[in-house]
Amino acid sequence: MENLNIESYHGTIPKVVFDAQTGDCEISGESSPEDVLIFFQELNNWFDEYIENVKGPISLTLNLNYFNTSSSRGIFRILTILKKYQDTGGEVKITWYYDKDDQDMYEEIIDHSEDADISILKVRHN
């Protein structure tokens, strides 16, 4: 299975680094891609393939400064994929970094955690 690496692009495409050997996955930057469905489908497909073929632990780190409503739906879909994997015995850890002054982001994290029914470690940073 291949790693997935996507470089960030002009504040619309977040940086994506998914490592198929370790299960360490990171999405960082800003997310408001022009075609959000295509962008997140690639991420979803990677997780589906990893879960089906590798069956290893997954550690997802989110470090997003901004994401639009469409990206929020894409992130939620990833969380539901990981929740399903966790419910079938897969090891999943999710860490979401947010700016200490960004109360809106903190509330988004809580909403995503509750809506997907999955634990998310929230980490404040400067």
# chains A, B, ... in the order shown; residues from 1 in each chain; ligands from 1
$ residues_around --residues "stretch 39-45 of chain A" --least-positions-apart "6" --cutoff "9 Å" --atoms "only C-alpha atoms" --output "list of chain:residue names"
A:Leu4, A:Ile13, A:Val16, A:Phe18, A:Pro33, A:Ser71, A:Gly74, A:Ile75, A:Arg77, A:Ile78, A:Ile81
$ select_by_dssp --residues "chain A" --states "helix (DSSP H, G or I)" --output "PyMOL selection string"
chain A and resi 36-54+69-87+103-116
$ select_by_dssp --residues "stretch 13-46 of chain A" --states "strand (DSSP E)" --output "PyMOL selection string"
chain A and resi 15-18+24-31
$ write_last_selection --atoms "C-alpha atoms" --output "compact mmCIF listing (two decimals), in the first residue's frame"
# COMPACT_ATOMS: atom_id res chain seq x y z
CA LYS A 15 -1.21 19.34 3.70
CA VAL A 16 -1.86 15.61 3.94
CA VAL A 17 0.71 13.05 5.08
CA PHE A 18 -0.61 9.50 5.51
CA ASP A 24 0.39 7.92 11.28
CA CYS A 25 -1.81 10.38 9.41
CA GLU A 26 -1.84 14.17 9.50
CA ILE A 27 -4.02 16.82 7.92
CA SER A 28 -2.80 20.37 8.51
CA GLY A 29 -3.24 23.93 7.32
CA GLU A 30 -6.41 25.36 5.81
CA SER A 31 -9.11 23.41 4.01
$ closest_atom_pairs --of "stretch 23-108 of chain A" --to "stretch 115-118 of chain A" --cutoff "9 Å" --atoms "only C-alpha atoms" --output "tab-separated table"
residue	atom	partner	partner_atom	distance
A:Phe76	CA	A:Ala116	CA	6.9
A:Arg77	CA	A:Ala116	CA	8.5
A:Leu79	CA	A:Ala116	CA	6.2
A:Thr80	CA	A:Ala116	CA	5.6
A:Leu82	CA	A:Ile118	CA	8.3
A:Lys83	CA	A:Ile118	CA	6.0
A:Gln86	CA	A:Ile118	CA	8.8
A:Ile94	CA	A:Ile118	CA	8.6
$ atom_distance --atom1 "atom CA of A:Ile58" --atom2 "atom CA of A:Ser8"
21.9 Å
$ atom_distance --atom1 "atom CA of A:Ser32" --atom2 "atom CA of A:His10"
10.0 Å
$ residues_around --residues "stretch 53-56 of chain A" --least-positions-apart "6" --cutoff "8 Å" --atoms "only C-alpha atoms" --output "PDB file with C-alpha atoms, in the first residue's frame"
ATOM      1  CA  MET A   1       0.000   0.000   0.000  1.00  0.00           C
ATOM      2  CA  ALA A  20       0.846   3.288   5.301  1.00  0.00           C
ATOM      3  CA  THR A  22       3.005   3.315  10.622  1.00  0.00           C
ATOM      4  CA  GLY A  23      -0.637   4.371  10.328  1.00  0.00           C
ATOM      5  CA  GLY A  90      -9.163  -1.396  15.204  1.00  0.00           C
ATOM      6  CA  GLU A  91      -6.829   0.788  17.231  1.00  0.00           C
TER       7      GLU A  91
END
$ closest_residue --among "A:Ser119, A:Thr12, A:Asn65, A:Gln21" --to "A:Val92" --atoms "only C-alpha atoms"
A:Ser119
$ closest_residue --among "A:Val123, A:Ile51, A:Ile38, A:Leu62" --to "A:Lys84" --atoms "only C-alpha atoms"
A:Ile51
$ atom_distance --atom1 "atom CA of A:Ser70" --atom2 "atom CA of A:Lys122"
21.8 Å
